[in-house]
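Everything below belongs to my_file_29.cif, which stores mmCIF, C-alpha atoms, pLDDT in the B column; chains and numbers go by the auth columns.
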data_my_file
loop_
_atom_site.group_PDB
_atom_site.id
_atom_site.type_symbol
_atom_site.label_atom_id
_atom_site.label_comp_id
_atom_site.label_asym_id
_atom_site.label_seq_id
_atom_site.Cartn_x
_atom_site.Cartn_y
_atom_site.Cartn_z
_atom_site.B_iso_or_equiv
_atom_site.auth_seq_id
_atom_site.auth_asym_id
ATOM 1 C CA GLY A 1 58.476 -33.857 8.567 59.00 1 A
ATOM 2 C CA GLN A 2 55.186 -35.306 9.713 69.00 2 A
ATOM 3 C CA ASN A 3 54.771 -37.788 12.534 88.00 3 A
ATOM 4 C CA ILE A 4 51.784 -39.177 14.406 94.00 4 A
ATOM 5 C CA ASP A 5 52.097 -41.371 17.489 96.00 5 A
ATOM 6 C CA GLN A 6 49.420 -43.352 19.274 97.00 6 A
ATOM 7 C CA PRO A 7 49.568 -46.470 21.454 97.00 7 A
ATOM 8 C CA THR A 8 49.477 -49.748 19.594 95.00 8 A
ATOM 9 C CA GLU A 9 46.975 -51.531 21.835 97.00 9 A
ATOM 10 C CA MET A 10 44.755 -50.854 24.818 98.00 10 A
ATOM 11 C CA THR A 11 42.416 -53.017 26.875 98.00 11 A
ATOM 12 C CA ALA A 12 39.453 -51.790 28.884 97.00 12 A
ATOM 13 C CA THR A 13 36.416 -53.213 30.632 97.00 13 A
ATOM 14 C CA GLU A 14 32.816 -52.983 29.471 98.00 14 A
ATOM 15 C CA GLY A 15 31.086 -49.998 31.071 97.00 15 A
ATOM 16 C CA ALA A 16 34.342 -48.204 31.835 98.00 16 A
ATOM 17 C CA ILE A 17 35.949 -45.088 30.305 98.00 17 A
ATOM 18 C CA VAL A 18 39.033 -45.209 28.105 98.00 18 A
ATOM 19 C CA GLN A 19 41.221 -42.414 26.736 98.00 19 A
ATOM 20 C CA ILE A 20 43.252 -42.944 23.571 98.00 20 A
ATOM 21 C CA ASN A 21 46.043 -40.419 23.124 98.00 21 A
ATOM 22 C CA CYS A 22 47.584 -39.087 19.950 98.00 22 A
ATOM 23 C CA THR A 23 50.571 -36.806 19.533 98.00 23 A
ATOM 24 C CA TYR A 24 51.560 -35.284 16.244 97.00 24 A
ATOM 25 C CA GLN A 25 54.168 -33.133 14.543 94.00 25 A
ATOM 26 C CA THR A 26 53.252 -31.331 11.332 89.00 26 A
ATOM 27 C CA SER A 27 54.336 -28.120 9.634 86.00 27 A
ATOM 28 C CA GLY A 28 50.920 -26.944 8.436 88.00 28 A
ATOM 29 C CA PHE A 29 48.318 -28.248 10.883 91.00 29 A
ATOM 30 C CA ASN A 30 44.762 -27.835 9.628 89.00 30 A
ATOM 31 C CA GLY A 31 42.657 -30.152 11.767 92.00 31 A
ATOM 32 C CA LEU A 32 42.609 -33.558 13.407 95.00 32 A
ATOM 33 C CA PHE A 33 40.279 -36.477 12.740 95.00 33 A
ATOM 34 C CA TRP A 34 39.456 -39.654 14.610 97.00 34 A
ATOM 35 C CA TYR A 35 38.196 -42.683 12.703 97.00 35 A
ATOM 36 C CA GLN A 36 36.968 -46.050 13.926 98.00 36 A
ATOM 37 C CA GLN A 37 37.829 -49.216 12.042 97.00 37 A
ATOM 38 C CA HIS A 38 36.434 -52.628 12.890 97.00 38 A
ATOM 39 C CA ALA A 39 38.482 -55.628 11.810 94.00 39 A
ATOM 40 C CA GLY A 40 38.067 -56.336 8.104 92.00 40 A
ATOM 41 C CA GLU A 41 36.049 -53.199 7.509 95.00 41 A
ATOM 42 C CA ALA A 42 36.602 -49.669 6.242 96.00 42 A
ATOM 43 C CA PRO A 43 37.371 -46.739 8.554 96.00 43 A
ATOM 44 C CA THR A 44 34.396 -44.584 9.532 96.00 44 A
ATOM 45 C CA PHE A 45 34.498 -40.979 10.711 95.00 45 A
ATOM 46 C CA LEU A 46 34.097 -40.231 14.412 96.00 46 A
ATOM 47 C CA SER A 47 35.192 -36.649 15.057 94.00 47 A
ATOM 48 C CA TYR A 48 37.000 -33.587 13.784 93.00 48 A
ATOM 49 C CA ASN A 49 38.806 -30.911 15.818 94.00 49 A
ATOM 50 C CA VAL A 50 40.381 -27.796 14.375 92.00 50 A
ATOM 51 C CA LEU A 51 40.232 -25.502 17.437 94.00 51 A
ATOM 52 C CA ASP A 52 41.504 -26.219 20.944 97.00 52 A
ATOM 53 C CA GLY A 53 39.071 -27.824 23.312 97.00 53 A
ATOM 54 C CA LEU A 54 36.679 -30.672 23.725 97.00 54 A
ATOM 55 C CA GLU A 55 34.104 -31.815 21.179 93.00 55 A
ATOM 56 C CA GLU A 56 31.446 -34.124 22.591 94.00 56 A
ATOM 57 C CA LYS A 57 29.352 -36.454 20.519 90.00 57 A
ATOM 58 C CA GLY A 58 27.314 -38.919 22.538 94.00 58 A
ATOM 59 C CA ARG A 59 29.552 -41.464 24.261 96.00 59 A
ATOM 60 C CA PHE A 60 32.585 -40.214 22.315 97.00 60 A
ATOM 61 C CA SER A 61 34.525 -37.004 22.940 97.00 61 A
ATOM 62 C CA SER A 62 37.658 -35.668 21.299 98.00 62 A
ATOM 63 C CA PHE A 63 40.076 -33.115 22.681 98.00 63 A
ATOM 64 C CA LEU A 64 42.707 -31.016 20.931 98.00 64 A
ATOM 65 C CA SER A 65 45.634 -28.903 22.110 98.00 65 A
ATOM 66 C CA ARG A 66 47.388 -27.372 19.127 96.00 66 A
ATOM 67 C CA SER A 67 50.203 -25.859 21.183 95.00 67 A
ATOM 68 C CA LYS A 68 51.074 -29.295 22.585 96.00 68 A
ATOM 69 C CA GLY A 69 50.461 -31.240 19.375 97.00 69 A
ATOM 70 C CA TYR A 70 48.140 -33.486 21.339 97.00 70 A
ATOM 71 C CA SER A 71 44.702 -34.989 21.049 98.00 71 A
ATOM 72 C CA TYR A 72 42.743 -37.675 22.794 98.00 72 A
ATOM 73 C CA LEU A 73 39.607 -39.658 22.088 98.00 73 A
ATOM 74 C CA LEU A 74 37.498 -40.431 25.133 98.00 74 A
ATOM 75 C CA LEU A 75 35.061 -43.325 25.033 98.00 75 A
ATOM 76 C CA LYS A 76 32.530 -43.564 27.859 97.00 76 A
ATOM 77 C CA GLU A 77 30.265 -46.418 28.919 97.00 77 A
ATOM 78 C CA LEU A 78 32.275 -48.851 26.863 98.00 78 A
ATOM 79 C CA GLN A 79 30.403 -51.524 24.967 98.00 79 A
ATOM 80 C CA MET A 80 31.726 -54.728 23.443 97.00 80 A
ATOM 81 C CA LYS A 81 31.038 -53.306 19.974 97.00 81 A
ATOM 82 C CA ASP A 82 33.613 -50.569 20.684 98.00 82 A
ATOM 83 C CA SER A 83 36.351 -53.160 20.208 98.00 83 A
ATOM 84 C CA ALA A 84 38.043 -51.784 17.099 98.00 84 A
ATOM 85 C CA SER A 85 41.046 -49.815 15.911 97.00 85 A
ATOM 86 C CA TYR A 86 40.976 -46.065 16.386 98.00 86 A
ATOM 87 C CA LEU A 87 42.891 -43.997 13.869 97.00 87 A
ATOM 88 C CA CYS A 88 44.200 -40.525 14.575 97.00 88 A
ATOM 89 C CA ALA A 89 44.664 -38.483 11.392 95.00 89 A
ATOM 90 C CA VAL A 90 46.029 -34.990 10.876 94.00 90 A
ATOM 91 C CA ARG A 91 45.152 -32.692 8.010 90.00 91 A
ATOM 92 C CA ASP A 92 48.298 -30.960 6.883 87.00 92 A
ATOM 93 C CA ARG A 93 48.713 -28.077 4.495 83.00 93 A
ATOM 94 C CA GLY A 94 51.794 -28.557 2.371 76.00 94 A
ATOM 95 C CA THR A 95 53.136 -27.321 -0.947 72.00 95 A
ATOM 96 C CA GLY A 96 50.965 -29.853 -2.780 67.00 96 A
ATOM 97 C CA GLY A 97 47.768 -28.783 -1.051 74.00 97 A
ATOM 98 C CA PHE A 98 45.947 -30.408 1.839 78.00 98 A
ATOM 99 C CA LYS A 99 46.738 -33.993 2.790 83.00 99 A
ATOM 100 C CA THR A 100 45.479 -36.196 5.589 88.00 100 A
ATOM 101 C CA ILE A 101 48.152 -38.239 7.342 90.00 101 A
ATOM 102 C CA PHE A 102 47.054 -41.242 9.383 93.00 102 A
ATOM 103 C CA GLY A 103 48.641 -42.734 12.463 94.00 103 A
ATOM 104 C CA ALA A 104 49.108 -46.492 12.695 94.00 104 A
ATOM 105 C CA GLY A 105 46.011 -46.822 14.884 96.00 105 A
ATOM 106 C CA THR A 106 45.250 -48.049 18.394 97.00 106 A
ATOM 107 C CA ARG A 107 43.585 -51.452 18.753 97.00 107 A
ATOM 108 C CA LEU A 108 41.105 -51.339 21.603 98.00 108 A
ATOM 109 C CA PHE A 109 39.954 -54.562 23.214 97.00 109 A
ATOM 110 C CA VAL A 110 36.850 -54.315 25.396 98.00 110 A
ATOM 111 C CA LYS A 111 36.463 -57.205 27.808 97.00 111 A
ATOM 112 C CA ALA A 112 33.404 -58.267 29.784 95.00 112 A
ATOM 113 C CA ASP B 1 21.758 -43.497 -1.105 85.00 1 B
ATOM 114 C CA ALA B 2 25.184 -42.220 -2.110 85.00 2 B
ATOM 115 C CA GLU B 3 28.020 -44.668 -1.736 93.00 3 B
ATOM 116 C CA ILE B 4 31.587 -45.531 -2.651 96.00 4 B
ATOM 117 C CA THR B 5 32.347 -48.954 -4.078 97.00 5 B
ATOM 118 C CA GLN B 6 35.496 -50.848 -4.944 98.00 6 B
ATOM 119 C CA SER B 7 36.069 -53.801 -7.220 98.00 7 B
ATOM 120 C CA PRO B 8 37.240 -56.443 -7.069 98.00 8 B
ATOM 121 C CA ARG B 9 37.022 -57.068 -3.316 97.00 9 B
ATOM 122 C CA HIS B 10 39.681 -59.752 -3.505 97.00 10 B
ATOM 123 C CA LYS B 11 42.346 -60.275 -6.137 98.00 11 B
ATOM 124 C CA ILE B 12 45.241 -62.696 -6.511 98.00 12 B
ATOM 125 C CA THR B 13 47.751 -61.911 -9.222 97.00 13 B
ATOM 126 C CA GLU B 14 51.249 -62.882 -10.247 97.00 14 B
ATOM 127 C CA THR B 15 54.409 -60.833 -10.047 98.00 15 B
ATOM 128 C CA GLY B 16 54.897 -58.651 -13.100 97.00 16 B
ATOM 129 C CA ARG B 17 51.261 -58.469 -14.175 98.00 17 B
ATOM 130 C CA GLN B 18 49.400 -55.193 -14.578 98.00 18 B
ATOM 131 C CA VAL B 19 46.449 -54.844 -12.214 98.00 19 B
ATOM 132 C CA THR B 20 43.734 -52.201 -12.054 98.00 20 B
ATOM 133 C CA LEU B 21 41.575 -51.633 -8.996 98.00 21 B
ATOM 134 C CA ALA B 22 38.333 -49.767 -9.541 98.00 22 B
ATOM 135 C CA CYS B 23 36.804 -47.109 -7.296 98.00 23 B
ATOM 136 C CA HIS B 24 33.415 -45.513 -7.961 98.00 24 B
ATOM 137 C CA GLN B 25 31.615 -42.931 -5.819 97.00 25 B
ATOM 138 C CA THR B 26 28.157 -41.425 -6.166 96.00 26 B
ATOM 139 C CA TRP B 27 28.670 -38.666 -3.581 91.00 27 B
ATOM 140 C CA ASN B 28 29.657 -36.248 -6.349 92.00 28 B
ATOM 141 C CA HIS B 29 32.812 -35.495 -4.364 93.00 29 B
ATOM 142 C CA ASN B 30 35.682 -33.716 -6.083 91.00 30 B
ATOM 143 C CA ASN B 31 38.358 -35.214 -3.826 92.00 31 B
ATOM 144 C CA MET B 32 39.310 -38.873 -4.164 94.00 32 B
ATOM 145 C CA PHE B 33 42.146 -40.814 -2.532 95.00 33 B
ATOM 146 C CA TRP B 34 43.851 -44.189 -2.661 97.00 34 B
ATOM 147 C CA TYR B 35 45.484 -45.678 0.445 97.00 35 B
ATOM 148 C CA ARG B 36 47.144 -48.931 1.279 97.00 36 B
ATOM 149 C CA GLN B 37 46.933 -50.422 4.747 97.00 37 B
ATOM 150 C CA ASP B 38 49.557 -52.765 6.126 94.00 38 B
ATOM 151 C CA LEU B 39 50.030 -54.062 9.643 84.00 39 B
ATOM 152 C CA GLY B 40 52.013 -51.596 11.704 77.00 40 B
ATOM 153 C CA HIS B 41 51.854 -48.814 9.121 81.00 41 B
ATOM 154 C CA GLY B 42 48.289 -47.654 9.192 87.00 42 B
ATOM 155 C CA LEU B 43 46.867 -45.993 6.092 94.00 43 B
ATOM 156 C CA ARG B 44 49.441 -44.635 3.658 95.00 44 B
ATOM 157 C CA LEU B 45 48.483 -42.327 0.826 93.00 45 B
ATOM 158 C CA ILE B 46 49.292 -43.587 -2.663 96.00 46 B
ATOM 159 C CA HIS B 47 47.671 -41.029 -4.991 95.00 47 B
ATOM 160 C CA TYR B 48 44.959 -38.421 -4.737 93.00 48 B
ATOM 161 C CA SER B 49 42.873 -36.207 -6.981 93.00 49 B
ATOM 162 C CA TYR B 50 41.142 -32.903 -6.373 90.00 50 B
ATOM 163 C CA GLY B 51 39.045 -33.050 -9.528 91.00 51 B
ATOM 164 C CA VAL B 52 38.755 -34.241 -13.119 95.00 52 B
ATOM 165 C CA GLN B 53 42.126 -34.396 -14.870 95.00 53 B
ATOM 166 C CA ASP B 54 43.929 -33.664 -11.578 93.00 54 B
ATOM 167 C CA THR B 55 46.180 -36.318 -9.998 95.00 55 B
ATOM 168 C CA ASN B 56 48.897 -36.063 -7.364 92.00 56 B
ATOM 169 C CA LYS B 57 51.438 -38.418 -5.833 92.00 57 B
ATOM 170 C CA GLY B 58 51.205 -39.437 -2.214 91.00 58 B
ATOM 171 C CA GLU B 59 53.905 -40.795 0.071 89.00 59 B
ATOM 172 C CA VAL B 60 54.064 -44.306 -1.469 95.00 60 B
ATOM 173 C CA SER B 61 53.301 -43.718 -5.152 96.00 61 B
ATOM 174 C CA ASP B 62 56.155 -45.702 -6.769 97.00 62 B
ATOM 175 C CA GLY B 63 54.767 -48.507 -8.930 97.00 63 B
ATOM 176 C CA TYR B 64 51.226 -47.072 -8.977 98.00 64 B
ATOM 177 C CA SER B 65 49.345 -44.724 -11.286 98.00 65 B
ATOM 178 C CA VAL B 66 45.880 -43.170 -11.403 98.00 66 B
ATOM 179 C CA SER B 67 43.779 -41.257 -13.886 97.00 67 B
ATOM 180 C CA ARG B 68 40.685 -39.110 -13.340 97.00 68 B
ATOM 181 C CA SER B 69 38.521 -38.774 -16.440 97.00 69 B
ATOM 182 C CA ASN B 70 35.256 -38.103 -14.594 97.00 70 B
ATOM 183 C CA THR B 71 34.060 -37.142 -11.119 96.00 71 B
ATOM 184 C CA GLU B 72 32.870 -40.615 -10.109 97.00 72 B
ATOM 185 C CA ASP B 73 35.893 -42.838 -10.823 98.00 73 B
ATOM 186 C CA LEU B 74 39.535 -43.049 -9.795 98.00 74 B
ATOM 187 C CA PRO B 75 41.055 -46.354 -10.956 98.00 75 B
ATOM 188 C CA LEU B 76 44.382 -47.393 -9.444 98.00 76 B
ATOM 189 C CA THR B 77 46.835 -49.267 -11.693 98.00 77 B
ATOM 190 C CA LEU B 78 49.787 -51.332 -10.573 98.00 78 B
ATOM 191 C CA GLU B 79 52.058 -51.220 -13.590 95.00 79 B
ATOM 192 C CA SER B 80 54.011 -54.393 -12.783 97.00 80 B
ATOM 193 C CA ALA B 81 52.806 -56.031 -9.598 98.00 81 B
ATOM 194 C CA ALA B 82 55.392 -56.874 -6.946 98.00 82 B
ATOM 195 C CA SER B 83 55.083 -58.969 -3.796 97.00 83 B
ATOM 196 C CA SER B 84 55.654 -55.806 -1.747 97.00 84 B
ATOM 197 C CA GLN B 85 52.346 -54.530 -3.088 98.00 85 B
ATOM 198 C CA THR B 86 50.385 -57.254 -1.330 98.00 86 B
ATOM 199 C CA SER B 87 48.114 -55.196 0.878 98.00 87 B
ATOM 200 C CA VAL B 88 44.588 -53.978 1.532 97.00 88 B
ATOM 201 C CA TYR B 89 43.719 -51.002 -0.642 98.00 89 B
ATOM 202 C CA PHE B 90 41.133 -48.406 0.358 98.00 90 B
ATOM 203 C CA CYS B 91 39.621 -45.761 -1.834 98.00 91 B
ATOM 204 C CA ALA B 92 38.087 -42.673 -0.205 96.00 92 B
ATOM 205 C CA SER B 93 36.341 -39.475 -1.216 94.00 93 B
ATOM 206 C CA SER B 94 35.523 -36.165 0.429 92.00 94 B
ATOM 207 C CA GLU B 95 33.939 -32.829 -0.302 87.00 95 B
ATOM 208 C CA SER B 96 36.305 -30.156 -1.439 73.00 96 B
ATOM 209 C CA ASN B 97 36.877 -27.035 0.568 61.00 97 B
ATOM 210 C CA ALA B 98 40.335 -25.673 1.008 56.00 98 B
ATOM 211 C CA GLY B 99 39.512 -24.011 4.290 53.00 99 B
ATOM 212 C CA LEU B 100 37.686 -26.775 6.104 61.00 100 B
ATOM 213 C CA GLY B 101 38.493 -30.400 6.717 65.00 101 B
ATOM 214 C CA TYR B 102 35.692 -32.618 5.536 82.00 102 B
ATOM 215 C CA GLU B 103 35.769 -36.227 6.599 88.00 103 B
ATOM 216 C CA GLN B 104 36.630 -38.925 4.115 92.00 104 B
ATOM 217 C CA TYR B 105 34.184 -41.664 3.159 94.00 105 B
ATOM 218 C CA PHE B 106 35.922 -44.974 2.589 96.00 106 B
ATOM 219 C CA GLY B 107 35.114 -47.813 0.251 97.00 107 B
ATOM 220 C CA PRO B 108 35.004 -51.402 1.567 97.00 108 B
ATOM 221 C CA GLY B 109 38.573 -52.158 0.487 97.00 109 B
ATOM 222 C CA THR B 110 40.290 -54.513 -1.946 98.00 110 B
ATOM 223 C CA ARG B 111 42.531 -57.244 -0.617 97.00 111 B
ATOM 224 C CA LEU B 112 45.305 -57.787 -3.159 98.00 112 B
ATOM 225 C CA THR B 113 47.739 -60.685 -3.032 98.00 113 B
ATOM 226 C CA VAL B 114 50.736 -60.761 -5.362 98.00 114 B
ATOM 227 C CA THR B 115 52.323 -64.219 -5.653 96.00 115 B
#

Whole structure, structure tokens version:
Amino acid sequence: GQNIDQPTEMTATEGAIVQINCTYQTSGFNGLFWYQQHAGEAPTFLSYNVLDGLEEKGRFSSFLSRSKGYSYLLLKELQMKDSASYLCAVRDRGTGGFKTIFGAGTRLFVKA
Amino acid sequence: DAEITQSPRHKITETGRQVTLACHQTWNHNNMFWYRQDLGHGLRLIHYSYGVQDTNKGEVSDGYSVSRSNTEDLPLTLESAASSQTSVYFCASSESNAGLGYEQYFGPGTRLTVT
């Protein structure tokens, strides 16, 4: 089957660094996405990893280890506007083609 | 600018009624998706389409149907609305490429309440 786990909530301080972890189990792994979703809004794309290693994009970085079924999203120099839910999603190749399976999301609270 | 829109944004309906949620994208994307989002469950795939006349069931498709008659639209129909279908519904689209994972662009969502 397919399973994605990430912490339900995290709290961090403005200016600090926070790491949001995601572990997954899929049979046909074909890439991992991170999305950001502010309350009451639609998810927006942050990053995509298909090979092992770190992808850096400004204040946000995403890491993938396929052998461990593990990814993390690293947010640096936290700002209040980073308070949002962060969704880990895995692209899986099954008999019906490619599907993207989403985790339940991690709600990040950034405090002053 | 290209976009993806959903209508209505809010809908209240009664149990047993048929409801159709509209999704329209101007990205010219072949792939379109419908998700529902409930507290504690994240986004769950209802139906998806890889192109005109193509539709596929997702993990929570019971009670829902879709049709794809053109590239731009993928309407979602609740055949007989149930209280368990009260949720926020998101439509999304992406480019098609079997070998690469393109990100999905999401519509603003439709909040549906079934009373």

Coordinates-based distance that separates CA of Phe60 (chain A) from CA of Ser47 (chain A) (Å, one decimal)
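So the answer is 8.5 Å.
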
Pick from A:Ala84, A:Leu74, A:Val50, A:Cys22, whichever lies nearest to chain B using all atoms listed in the file
A:Val50

Go through chain B and flag each residue having an atom no more than 9 Å from chain A; for those, report the closest pair of atoms plus their distance in Å to one decimal, using all atoms listed in the file, ordered by chain and rising number, as JSON lines.
{"residue": "B:Leu39", "atom": "CA", "partner": "A:Ala104", "partner_atom": "CA", "distance": 8.2}
{"residue": "B:Gly40", "atom": "CA", "partner": "A:Ala104", "partner_atom": "CA", "distance": 6.0}
{"residue": "B:His41", "atom": "CA", "partner": "A:Ala104", "partner_atom": "CA", "distance": 5.1}
{"residue": "B:Gly42", "atom": "CA", "partner": "A:Ala104", "partner_atom": "CA", "distance": 3.8}
{"residue": "B:Leu43", "atom": "CA", "partner": "A:Phe102", "partner_atom": "CA", "distance": 5.8}
{"residue": "B:Arg44", "atom": "CA", "partner": "A:Phe102", "partner_atom": "CA", "distance": 7.1}
{"residue": "B:Leu45", "atom": "CA", "partner": "A:Ile101", "partner_atom": "CA", "distance": 7.7}
{"residue": "B:Tyr48", "atom": "CA", "partner": "A:Lys99", "partner_atom": "CA", "distance": 8.9}
{"residue": "B:Asn56", "atom": "CA", "partner": "A:Gly96", "partner_atom": "CA", "distance": 8.0}
{"residue": "B:Gly58", "atom": "CA", "partner": "A:Lys99", "partner_atom": "CA", "distance": 8.6}
{"residue": "B:Phe90", "atom": "CA", "partner": "A:Ala42", "partner_atom": "CA", "distance": 7.5}
{"residue": "B:Ala98", "atom": "CA", "partner": "A:Phe98", "partner_atom": "CA", "distance": 7.4}
{"residue": "B:Gly99", "atom": "CA", "partner": "A:Asn30", "partner_atom": "CA", "distance": 8.4}
{"residue": "B:Leu100", "atom": "CA", "partner": "A:Asn30", "partner_atom": "CA", "distance": 8.0}
{"residue": "B:Gly101", "atom": "CA", "partner": "A:Gly31", "partner_atom": "CA", "distance": 6.6}
{"residue": "B:Tyr102", "atom": "CA", "partner": "A:Tyr48", "partner_atom": "CA", "distance": 8.4}
{"residue": "B:Glu103", "atom": "CA", "partner": "A:Phe45", "partner_atom": "CA", "distance": 6.4}
{"residue": "B:Gln104", "atom": "CA", "partner": "A:Phe45", "partner_atom": "CA", "distance": 7.2}
{"residue": "B:Tyr105", "atom": "CA", "partner": "A:Thr44", "partner_atom": "CA", "distance": 7.0}
{"residue": "B:Phe106", "atom": "CA", "partner": "A:Ala42", "partner_atom": "CA", "distance": 6.0}
{"residue": "B:Gly107", "atom": "CA", "partner": "A:Ala42", "partner_atom": "CA", "distance": 6.4}
{"residue": "B:Pro108", "atom": "CA", "partner": "A:Ala42", "partner_atom": "CA", "distance": 5.2}
{"residue": "B:Gly109", "atom": "CA", "partner": "A:Ala42", "partner_atom": "CA", "distance": 6.6}

With C-alpha atoms retained, export the selected residues as a PDB file, in the coordinates of the input.
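The file below, selection_34.pdb, is the result:
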ATOM      1  CA  LEU B  39      50.030 -54.062   9.643  1.00 84.00           C
ATOM      2  CA  GLY B  40      52.013 -51.596  11.704  1.00 77.00           C
ATOM      3  CA  HIS B  41      51.854 -48.814   9.121  1.00 81.00           C
ATOM      4  CA  GLY B  42      48.289 -47.654   9.192  1.00 87.00           C
ATOM      5  CA  LEU B  43      46.867 -45.993   6.092  1.00 94.00           C
ATOM      6  CA  ARG B  44      49.441 -44.635   3.658  1.00 95.00           C
ATOM      7  CA  LEU B  45      48.483 -42.327   0.826  1.00 93.00           C
ATOM      8  CA  TYR B  48      44.959 -38.421  -4.737  1.00 93.00           C
ATOM      9  CA  ASN B  56      48.897 -36.063  -7.364  1.00 92.00           C
ATOM     10  CA  GLY B  58      51.205 -39.437  -2.214  1.00 91.00           C
ATOM     11  CA  PHE B  90      41.133 -48.406   0.358  1.00 98.00           C
ATOM     12  CA  ALA B  98      40.335 -25.673   1.008  1.00 56.00           C
ATOM     13  CA  GLY B  99      39.512 -24.011   4.290  1.00 53.00           C
ATOM     14  CA  LEU B 100      37.686 -26.775   6.104  1.00 61.00           C
ATOM     15  CA  GLY B 101      38.493 -30.400   6.717  1.00 65.00           C
ATOM     16  CA  TYR B 102      35.692 -32.618   5.536  1.00 82.00           C
ATOM     17  CA  GLU B 103      35.769 -36.227   6.599  1.00 88.00           C
ATOM     18  CA  GLN B 104      36.630 -38.925   4.115  1.00 92.00           C
ATOM     19  CA  TYR B 105      34.184 -41.664   3.159  1.00 94.00           C
ATOM     20  CA  PHE B 106      35.922 -44.974   2.589  1.00 96.00           C
ATOM     21  CA  GLY B 107      35.114 -47.813   0.251  1.00 97.00           C
ATOM     22  CA  PRO B 108      35.004 -51.402   1.567  1.00 97.00           C
ATOM     23  CA  GLY B 109      38.573 -52.158   0.487  1.00 97.00           C
TER      24      GLY B 109
END

So, with only C-alpha atoms as the atoms that count, which of B:Phe33, B:Pro8, B:Val114, B:His47 lies closest to Ser80 (chain B)?
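Closest to Ser80 (chain B) of all the choices is B:Val114.
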
Can you work out the spacing between CA of Val52 (chain B) and CA of Ala81 (chain B) in Å, to one decimal?
26.2 Å

Fewer than 5 positions away in the same chain doesn't count, so skip those; otherwise give me all residues within 9 Å of Leu21 (chain B), counting all atoms listed in the file, as a list in words.
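Listing them by chain and then by number gives Gln6, Ser7, Pro8, Leu74, Pro75, Leu76, Thr77, Leu78, Tyr89 and Thr110 of chain B.
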
Between A:Val110, A:Leu54, A:Ala39, A:Ile17, smallest distance to Leu75 (chain A) by only C-alpha atoms belongs to A:Ile17

Would you work out the distance separating CA of Val88 (chain B) from CA of Ser27 (chain A), expressed in Å to one decimal?
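Taking CA of Val88 (chain B) as the start and CA of Ser27 (chain A) as the end point, the length is 28.8 Å.
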
Take the PyMOL selection byres ((chain B and resi 72) around 6), run it mentally on this structure, and tell me the resulting residues as an MDAnalysis selection string.
chainID B and resid 24:25 70:71 73

Around region 4-13 of chain A, fit a box with edges along x, y and z, padding it by 3 Å on each side, then list its centre and edge lengths in Å to one decimal as JSON.
{"center_x": 44.3, "center_y": -46.2, "center_z": 22.5, "size_x": 21.7, "size_y": 20.0, "size_z": 22.2}

Tell me which of A:Ala16, A:Leu64, A:Ile4, A:Met80 sits closest to Phe109 (chain A), counting only C-alpha atoms.
A:Met80

Tell me which residues come within 9 Å of (52.4, -24.6, 15.5), as JSON, numbers by chain, counting all atoms listed in the file in the file's coordinates.
{"A": [25, 26, 27, 28, 29, 66, 67, 68, 69]}

Filtering to C-alpha atoms, could you give me those residues as a short mmCIF file (atom, residue, chain, number, x, y, z; two decimals), in the coordinates of the input?
data_model
loop_
_atom_site.label_atom_id
_atom_site.label_comp_id
_atom_site.auth_asym_id
_atom_site.auth_seq_id
_atom_site.Cartn_x
_atom_site.Cartn_y
_atom_site.Cartn_z
CA GLN A 25 54.17 -33.13 14.54
CA THR A 26 53.25 -31.33 11.33
CA SER A 27 54.34 -28.12 9.63
CA GLY A 28 50.92 -26.94 8.44
CA PHE A 29 48.32 -28.25 10.88
CA ARG A 66 47.39 -27.37 19.13
CA SER A 67 50.20 -25.86 21.18
CA LYS A 68 51.07 -29.30 22.58
CA GLY A 69 50.46 -31.24 19.38
#

Would you kindly translate the PyMOL selection byres ((chain A and resi 59) around 9) into the concrete residues it picks from this file, as JSON, numbers by chain?
{"A": [56, 57, 58, 60, 61, 74, 75, 76, 77, 78]}

For His38 (chain A), the closest of A:Gln6, A:Thr11, A:Asn21, A:Ser83 counting only C-alpha atoms is A:Ser83

Distance query Thr26 (chain B) at most 8 Å, all atoms listed in the file, self and fewer than 4 positions along chain excluded, as JSON, numbers by chain:
{"B": [2, 3, 4, 72]}
